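Chemist: Just so it is clear, I am handing over upload.cif, which has mmCIF, C-alpha atoms and all ligand atoms.
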```cif
data_my_file
#
loop_
_atom_site.label_atom_id
_atom_site.label_comp_id
_atom_site.auth_asym_id
_atom_site.auth_seq_id
_atom_site.Cartn_x
_atom_site.Cartn_y
_atom_site.Cartn_z
CA MET T 192 90.16 118.28 -17.80
CA SER T 193 93.89 117.67 -17.84
CA ILE T 194 95.87 116.21 -20.76
CA ALA T 195 96.49 113.05 -18.74
CA ALA T 196 92.80 112.65 -17.91
CA ASN T 197 91.75 113.29 -21.52
CA LEU T 198 94.25 110.73 -22.73
CA SER T 199 93.22 108.06 -20.31
CA ALA T 200 89.53 108.59 -21.17
CA ILE T 201 90.20 108.06 -24.90
CA LYS T 202 92.57 105.18 -24.32
CA GLY T 203 89.92 103.51 -22.20
CA GLU T 204 87.52 103.76 -25.13
CA VAL T 205 89.81 102.61 -27.91
CA GLU T 206 92.59 100.38 -26.64
CA ARG T 207 90.44 97.30 -26.11
CA LEU T 208 89.25 97.72 -29.72
CA ASN T 209 92.82 97.45 -30.95
CA VAL T 210 92.77 100.91 -32.45
CA LYS T 211 96.01 102.87 -32.37
CA LEU T 212 95.80 106.38 -30.95
CA ILE T 213 97.94 109.04 -32.64
CA ALA T 214 98.06 112.12 -30.42
CA ILE T 215 98.06 115.12 -32.76
CA SER T 216 100.15 117.76 -31.04
CA LYS T 217 100.42 120.38 -33.80
CA THR T 218 100.65 123.98 -32.53
CA LYS T 219 100.96 122.72 -28.94
CA PRO T 220 104.15 123.31 -26.92
CA ALA T 221 106.68 120.57 -26.25
CA SER T 222 105.72 120.73 -22.57
CA ASP T 223 102.20 119.48 -23.45
CA ILE T 224 103.72 116.58 -25.38
CA LEU T 225 105.93 115.76 -22.42
CA THR T 226 102.88 115.71 -20.16
CA ALA T 227 101.20 113.21 -22.47
CA TYR T 228 104.46 111.26 -22.72
CA GLU T 229 104.67 111.02 -18.95
CA ALA T 230 101.10 109.72 -18.96
CA GLY T 231 102.31 106.89 -21.21
CA GLN T 232 101.60 108.15 -24.75
CA ARG T 233 104.42 107.41 -27.22
CA VAL T 234 102.88 108.12 -30.63
CA PHE T 235 102.49 111.72 -31.74
CA GLY T 236 101.52 113.36 -35.02
CA GLU T 237 102.38 116.75 -36.47
CA ASN T 238 101.37 118.44 -39.71
CA ASN T 239 104.25 120.87 -40.21
CA VAL T 240 107.79 119.71 -40.99
CA GLN T 241 109.62 122.58 -39.30
CA GLU T 242 107.60 122.19 -36.11
CA LEU T 243 108.04 118.43 -36.20
CA ILE T 244 111.84 118.70 -36.44
CA GLU T 245 112.05 121.13 -33.53
CA LYS T 246 109.93 118.87 -31.34
CA TYR T 247 111.82 115.76 -32.43
CA GLU T 248 115.10 117.35 -31.37
CA GLU T 249 113.80 118.56 -28.03
CA LEU T 250 111.79 115.55 -26.87
CA PRO T 251 112.58 111.95 -25.79
CA LYS T 252 113.96 109.78 -28.56
CA ASP T 253 111.59 106.86 -28.01
CA ILE T 254 108.65 108.91 -29.31
CA GLU T 255 107.16 107.53 -32.53
CA TRP T 256 106.56 110.51 -34.83
CA HIS T 257 103.91 110.55 -37.55
CA LEU T 258 103.41 113.20 -40.21
CA VAL T 259 99.73 113.86 -40.97
CA GLY T 260 99.88 117.05 -43.03
CA HIS T 261 100.74 117.80 -46.62
CA LEU T 262 104.40 117.08 -47.36
CA GLN T 263 106.42 118.95 -49.97
CA SER T 264 109.05 116.90 -51.76
CA ASN T 265 111.84 119.32 -50.88
CA LYS T 266 111.21 118.78 -47.14
CA VAL T 267 111.31 114.99 -47.08
CA LYS T 268 115.05 114.96 -46.36
CA TYR T 269 114.55 116.64 -42.99
CA ILE T 270 112.25 113.96 -41.58
CA ALA T 271 113.60 110.89 -43.39
CA PRO T 272 116.08 109.97 -40.62
CA PHE T 273 113.43 109.48 -37.95
CA ILE T 274 109.82 109.57 -39.18
CA SER T 275 107.79 106.44 -38.31
CA LEU T 276 104.80 106.89 -40.58
CA ILE T 277 103.82 109.41 -43.25
CA HIS T 278 100.01 109.54 -43.48
CA SER T 279 99.82 112.03 -46.31
CA VAL T 280 101.32 110.53 -49.47
CA ASP T 281 99.36 112.00 -52.37
CA SER T 282 101.58 111.56 -55.42
CA LEU T 283 104.07 109.20 -57.03
CA LYS T 284 106.55 112.06 -57.24
CA LEU T 285 106.47 112.44 -53.46
CA LEU T 286 106.81 108.71 -52.96
CA VAL T 287 109.87 108.62 -55.24
CA GLU T 288 111.50 111.33 -53.13
CA ILE T 289 110.63 109.55 -49.86
CA ASN T 290 112.18 106.40 -51.30
CA LYS T 291 115.35 108.29 -52.27
CA GLN T 292 115.77 109.85 -48.83
CA ALA T 293 114.93 106.59 -47.06
CA LEU T 294 117.67 104.87 -49.06
CA LYS T 295 120.16 107.57 -48.06
CA ASN T 296 119.28 106.85 -44.44
CA ASN T 297 119.41 103.13 -44.98
CA ARG T 298 115.77 102.78 -43.93
CA VAL T 299 112.41 101.66 -45.21
CA ILE T 300 109.81 104.35 -44.49
CA ASP T 301 106.19 103.35 -43.89
CA CYS T 302 103.58 105.40 -45.74
CA LEU T 303 99.82 105.67 -46.13
CA LEU T 304 98.12 106.79 -49.32
CA GLN T 305 95.95 109.78 -48.49
CA VAL T 306 92.65 109.19 -50.23
CA TYR T 307 90.15 111.92 -50.88
CA ILE T 308 86.76 111.06 -49.39
CA ALA T 309 85.29 114.39 -48.29
CA ASP T 310 82.67 116.37 -50.09
CA GLU T 311 84.83 119.45 -49.90
CA ASP T 312 87.27 121.30 -52.07
CA THR T 313 90.59 120.33 -50.60
CA LYS T 314 93.81 120.34 -52.53
CA TYR T 315 95.24 117.16 -51.07
CA GLY T 316 94.66 113.47 -51.46
CA LEU T 317 94.30 111.01 -54.31
CA ASP T 318 90.93 110.05 -55.69
CA PHE T 319 90.26 106.33 -56.07
CA ALA T 320 91.36 106.22 -59.71
CA GLU T 321 94.58 108.10 -59.01
CA ALA T 322 95.47 105.79 -56.11
CA ILE T 323 95.04 102.75 -58.36
CA GLU T 324 97.03 104.39 -61.14
CA LEU T 325 99.88 105.05 -58.70
CA LEU T 326 99.94 101.44 -57.52
CA ARG T 327 99.98 100.18 -61.11
CA ASP T 328 102.82 102.44 -62.18
CA PRO T 329 105.98 100.47 -63.01
CA GLU T 330 108.01 103.20 -61.34
CA PHE T 331 106.16 102.57 -58.08
CA GLN T 332 107.00 98.88 -58.17
CA GLU T 333 110.70 99.66 -58.21
CA LEU T 334 110.62 101.57 -54.94
CA LYS T 335 112.26 99.37 -52.34
CA ASN T 336 112.73 101.82 -49.48
CA ILE T 337 109.11 102.71 -48.92
CA ARG T 338 106.34 100.46 -47.73
CA ILE T 339 102.66 101.25 -48.24
CA VAL T 340 100.92 100.07 -45.07
CA GLY T 341 97.42 101.36 -45.76
CA VAL T 342 95.27 104.39 -46.45
CA MET T 343 94.33 107.62 -44.72
CA GLY T 344 91.26 109.80 -45.15
CA ILE T 345 89.66 112.92 -43.73
CA ALA T 346 85.87 113.09 -43.65
CA THR T 347 83.85 116.19 -44.45
CA ASN T 348 83.71 118.67 -41.61
CA THR T 349 79.95 118.49 -41.02
CA ASP T 350 77.34 117.72 -38.35
CA ASN T 351 75.74 115.23 -40.74
CA GLN T 352 76.71 111.93 -39.14
CA LYS T 353 75.28 109.83 -41.95
CA MET T 354 77.48 111.62 -44.43
CA ILE T 355 80.61 111.07 -42.33
CA GLU T 356 79.69 107.43 -41.84
CA ASP T 357 79.23 106.97 -45.59
CA GLU T 358 82.65 108.51 -46.31
CA PHE T 359 84.39 106.26 -43.79
CA TYR T 360 82.50 103.27 -45.18
CA GLU T 361 83.75 104.16 -48.66
CA LEU T 362 87.33 104.38 -47.48
CA ASN T 363 87.06 101.03 -45.73
CA THR T 364 85.60 99.45 -48.88
CA PHE T 365 88.31 101.00 -51.02
CA PHE T 366 91.00 99.73 -48.63
CA HIS T 367 89.67 96.19 -48.95
CA GLY T 368 89.57 96.50 -52.73
CA LEU T 369 93.22 97.58 -52.79
CA LYS T 370 94.10 94.77 -50.40
CA GLN T 371 92.57 92.21 -52.78
CA SER T 372 94.06 93.70 -55.92
CA PHE T 373 97.54 94.81 -54.88
CA PHE T 374 98.43 93.62 -51.38
CA ARG T 375 96.84 90.21 -51.04
CA LYS T 376 100.03 88.62 -49.77
CA ASP T 377 101.35 91.67 -47.97
CA GLU T 378 100.58 91.52 -44.26
CA ALA T 379 101.94 95.01 -43.68
CA PHE T 380 99.08 96.54 -45.67
CA LYS T 381 96.55 96.69 -42.84
CA GLU T 382 96.01 100.26 -41.68
CA ILE T 383 93.05 102.56 -42.17
CA SER T 384 93.87 105.93 -40.62
CA MET T 385 90.55 107.69 -40.16
CA GLY T 386 88.84 109.57 -37.36
CA MET T 387 89.66 112.83 -35.56
CA SER T 388 88.33 114.43 -32.36
CA GLY T 389 84.86 115.01 -33.76
CA ASP T 390 84.34 111.75 -35.58
CA TYR T 391 86.64 109.02 -34.25
CA LYS T 392 83.78 106.98 -32.81
CA LEU T 393 82.07 106.84 -36.20
CA ALA T 394 85.43 105.98 -37.79
CA ILE T 395 86.02 103.09 -35.43
CA ASP T 396 82.55 101.73 -36.15
CA GLN T 397 83.52 101.81 -39.84
CA GLY T 398 86.76 99.90 -39.36
CA SER T 399 89.43 102.46 -38.50
CA THR T 400 92.70 101.02 -37.18
CA MET T 401 94.31 104.38 -36.33
CA ILE T 402 92.67 107.53 -35.05
CA ARG T 403 94.32 110.96 -35.15
CA VAL T 404 93.09 112.91 -32.15
CA GLY T 405 94.29 116.40 -31.27
CA SER T 406 91.92 118.82 -29.55
CA THR T 407 90.14 116.21 -27.44
CA ILE T 408 93.51 115.47 -25.80
CA PHE T 409 95.31 118.83 -25.83
CA GLY T 410 92.42 121.30 -25.92
CA THR T 411 91.24 123.52 -28.75
CA ARG T 412 93.77 125.15 -31.05
CA SER T 413 93.81 128.73 -32.21
CA ASP T 414 93.91 127.49 -35.83
CA LYS T 415 90.22 126.57 -35.69
C1 LIG T 501 94.77 118.47 -36.96
C2 LIG T 501 94.57 117.14 -37.57
C3 LIG T 501 93.97 116.09 -36.83
C4 LIG T 501 93.45 116.25 -35.42
O1 LIG T 501 92.35 117.11 -35.39
P1 LIG T 501 91.44 117.25 -34.08
O2 LIG T 501 90.12 117.66 -34.61
O3 LIG T 501 92.07 118.30 -33.23
O4 LIG T 501 91.40 115.95 -33.39
C5 LIG T 501 93.83 114.88 -37.47
N1 LIG T 501 94.26 114.66 -38.72
C6 LIG T 501 94.86 115.63 -39.45
C7 LIG T 501 95.29 115.34 -40.82
C8 LIG T 501 95.01 116.90 -38.90
O5 LIG T 501 95.59 117.86 -39.63
#
```
Would it be possible to restate this file's structure as structure tokens?
Modeler:
Amino acid sequence: MSIAANLSAIKGEVERLNVKLIAISKTKPASDILTAYEAGQRVFGENNVQELIEKYEELPKDIEWHLVGHLQSNKVKYIAPFISLIHSVDSLKLLVEINKQALKNNRVIDCLLQVYIADEDTKYGLDFAEAIELLRDPEFQELKNIRIVGVMGIATNTDNQKMIEDEFYELNTFFHGLKQSFFRKDEAFKEISMGMSGDYKLAIDQGSTMIRVGSTIFGTRSDK
């Protein structure tokens, strides 16, 4: 199937559910992104800063770029002028740097807290206690040039559907707990970024508001 056909199939499934589709174009050439763009897609996600900058410079300026991969503090300055949403905030230190660079660019940058839900050894993401600790930190409350708009999670890479469902359920429950405790009056805090090519249907059933889909749109990557 073509990129345009893949896109329209997924959009048909998710748009009426009010779920935002982030097309994850990492490792794919700019020409593939342009094909998706011409088919109407405007929101793309990358996981590597260098690759993101190159694509940003080459491609139409009305694309909304999201960063979904781990972000090192020393690279924030390169994306701060244009990034729409950073899905992968996993420390207060990183958030302080994003705030600093956002201020330099006279912007407020939207961020998601990446929360660790998988039953896997991964290096990235906050556990529930760490996320709460971050939100309680007085230093966090002084940051005026970032806005936390929700949470992001990656489920375990497994065929066990029940397990994936349980992880997404946990993230949804945690999101609502944070909403009650820290963001009750903040309408911007409303996003749950969960679901990839293999599990976005389960994620939507568990309350996802944003799915990050790569290979189902662009074809398999050599990184897998
Ligand atoms: C690569 C990636 C995706 C998309 O993965 P697919 O399985 O190709 O849909 C989603 N989220 C993150 C964080 C990724 O790194």
Chemist: Would you pick out the contacts of stretch 219-231 of chain T at 7 Å or less, using only C-alpha atoms, so that residues sharing its chain but fewer than 6 positions from it are not included, and give the list as a list of chain:residue names?
Modeler: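 Counting only C-alpha atoms, the residues come to T:Ile194, T:Ala195, T:Lys246.
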Chemist: Would you mind listing, for every residue of stretch 313-387 of chain T within 8 Å of stretch 392-403 of chain T, the two atoms forming the shortest contact and the distance between them in Å to one decimal, using only C-alpha atoms, sorted by chain and ascending residue number, as a tab-separated table?
Modeler:
```
residue	atom	partner	partner_atom	distance
T:Gln352	CA	T:Leu393	CA	8.0
T:Ile355	CA	T:Leu393	CA	7.6
T:Glu356	CA	T:Leu393	CA	6.1
T:Phe359	CA	T:Gln397	CA	6.0
T:Tyr360	CA	T:Gln397	CA	5.6
T:Asn363	CA	T:Gly398	CA	6.5
T:Glu382	CA	T:Thr400	CA	5.6
T:Ile383	CA	T:Ser399	CA	5.2
T:Ser384	CA	T:Met401	CA	4.6
T:Met385	CA	T:Ile402	CA	5.5
T:Gly386	CA	T:Ile402	CA	4.9
T:Met387	CA	T:Arg403	CA	5.0
```
Chemist: Tell me, as an MDAnalysis selection string, which residues lie within 6 Å of stretch 255-266 of chain T, counting all atoms listed in the file; anything in the same chain fewer than 3 positions away does not count.
Modeler: chainID T and resid 233:238 269 274:279 285
Chemist: What box, with edges along x, y and z, holds each listed atom of stretch 382-386 of chain T when 3 Å is added on every side, and can you state its centre and edge lengths in Å to one decimal, as lines of an AutoDock Vina configuration file?
Modeler:
```
center_x = 92.4
center_y = 104.9
center_z = -39.8
size_x = 13.2
size_y = 15.3
size_z = 10.8
```
Chemist: Which neighbours of T:Glu358 fall inside 7 Å, counting only C-alpha atoms, when residues of the same chain fewer than 5 positions from it are skipped, and could you give them as a PyMOL selection string?
Modeler: chain T and resi 308-309+346
Chemist: Using Å and a single decimal, report how far atom CA of T:Ser282 sits from atom CA of T:Leu326.
Modeler: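 Value for the atom CA of T:Leu326-atom CA of T:Ser282 distance: 10.5 Å.
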Chemist: Looking at T:Ile215, T:Ile270, T:Ile254, T:Leu283, which one is nearest to ligand LIG 501 (chain T), with distances taken over all atoms listed in the file?
Modeler: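 Selected residue with least distance to ligand LIG 501 (chain T): T:Ile215.
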Chemist: T:Leu325: which residues within 10 Å, counting all atoms listed in the file, same-chain residues fewer than 6 positions away excluded, as a VMD selection string?
Modeler: chain T and resid 281 to 284 286 304 317 331 to 332
Chemist: Output C-alpha atoms for every residue in the selection just made, as a PDB file, in the frame of the given file.
Modeler:
```
ATOM      1  CA  ASP T 281      99.360 112.000 -52.370  1.00  0.00           C
ATOM      2  CA  SER T 282     101.580 111.560 -55.420  1.00  0.00           C
ATOM      3  CA  LEU T 283     104.070 109.200 -57.030  1.00  0.00           C
ATOM      4  CA  LYS T 284     106.550 112.060 -57.240  1.00  0.00           C
ATOM      5  CA  LEU T 286     106.810 108.710 -52.960  1.00  0.00           C
ATOM      6  CA  LEU T 304      98.120 106.790 -49.320  1.00  0.00           C
ATOM      7  CA  LEU T 317      94.300 111.010 -54.310  1.00  0.00           C
ATOM      8  CA  PHE T 331     106.160 102.570 -58.080  1.00  0.00           C
ATOM      9  CA  GLN T 332     107.000  98.880 -58.170  1.00  0.00           C
TER      10      GLN T 332
END
```
Chemist: Contacts between stretch 364-377 of chain T and stretch 226-334 of chain T, please, where a residue of stretch 226-334 of chain T counts if it comes within 10 Å (with only C-alpha atoms); show its shortest atom pair and distance in Å to one decimal, rows by chain and ascending number, as a tab-separated table.
Modeler:
```
residue	atom	partner	partner_atom	distance
T:Val306	CA	T:Phe365	CA	9.3
T:Phe319	CA	T:Phe365	CA	7.6
T:Ala322	CA	T:Leu369	CA	9.1
T:Ile323	CA	T:Leu369	CA	7.8
T:Leu326	CA	T:Phe373	CA	7.5
T:Arg327	CA	T:Phe373	CA	8.6
```
Chemist: Which of these, T:Ser193, T:Gln305, T:Lys268, T:Gln232, has the shortest distance to T:Ile244 once you count all atoms listed in the file?
Modeler: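 Residue with the minimum atom-to-atom distance to T:Ile244: T:Lys268.
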Chemist: Please, what distance in Å, to one decimal, runs between atom CA of T:Gln241 and atom CA of T:Asn290?
Modeler: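 Computed distance, atom CA of T:Gln241 to atom CA of T:Asn290, equals 20.3 Å.
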Chemist: In Å to one decimal, how far is atom CA of T:Ser413 from atom CA of T:Glu249?
Modeler: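 Taking atom CA of T:Glu249 as the start and atom CA of T:Ser413 as the end point, the length is 22.8 Å.
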Chemist: T:Val280, T:Ile300, T:Leu212, T:Leu294: which is nearest T:Met343, counting only C-alpha atoms?
Modeler: T:Val280
Chemist: Which residue is closest to ligand LIG 501 (chain T)? Choose from T:Val404, T:Ile339, T:Val267, T:Met354 and count all atoms listed in the file.
Modeler: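 Of all the options, T:Val404 lies closest to ligand LIG 501 (chain T).
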Chemist: In terms of the shortest atom-to-atom distance over all atoms listed in the file, which of T:Ala214, T:Val299, T:Leu250, T:Leu198 is closest to ligand LIG 501 (chain T)?
Modeler: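 Nearest candidate to ligand LIG 501 (chain T) out of T:Ala214, T:Val299, T:Leu250, T:Leu198: T:Ala214.
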Chemist: May I ask which of the residues T:Lys335, T:Gly316, T:Ile289, T:Asp253 is the closest one to ligand LIG 501 (chain T), counting all atoms listed in the file?
Modeler: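 For ligand LIG 501 (chain T), the nearest of the given residues is T:Gly316.
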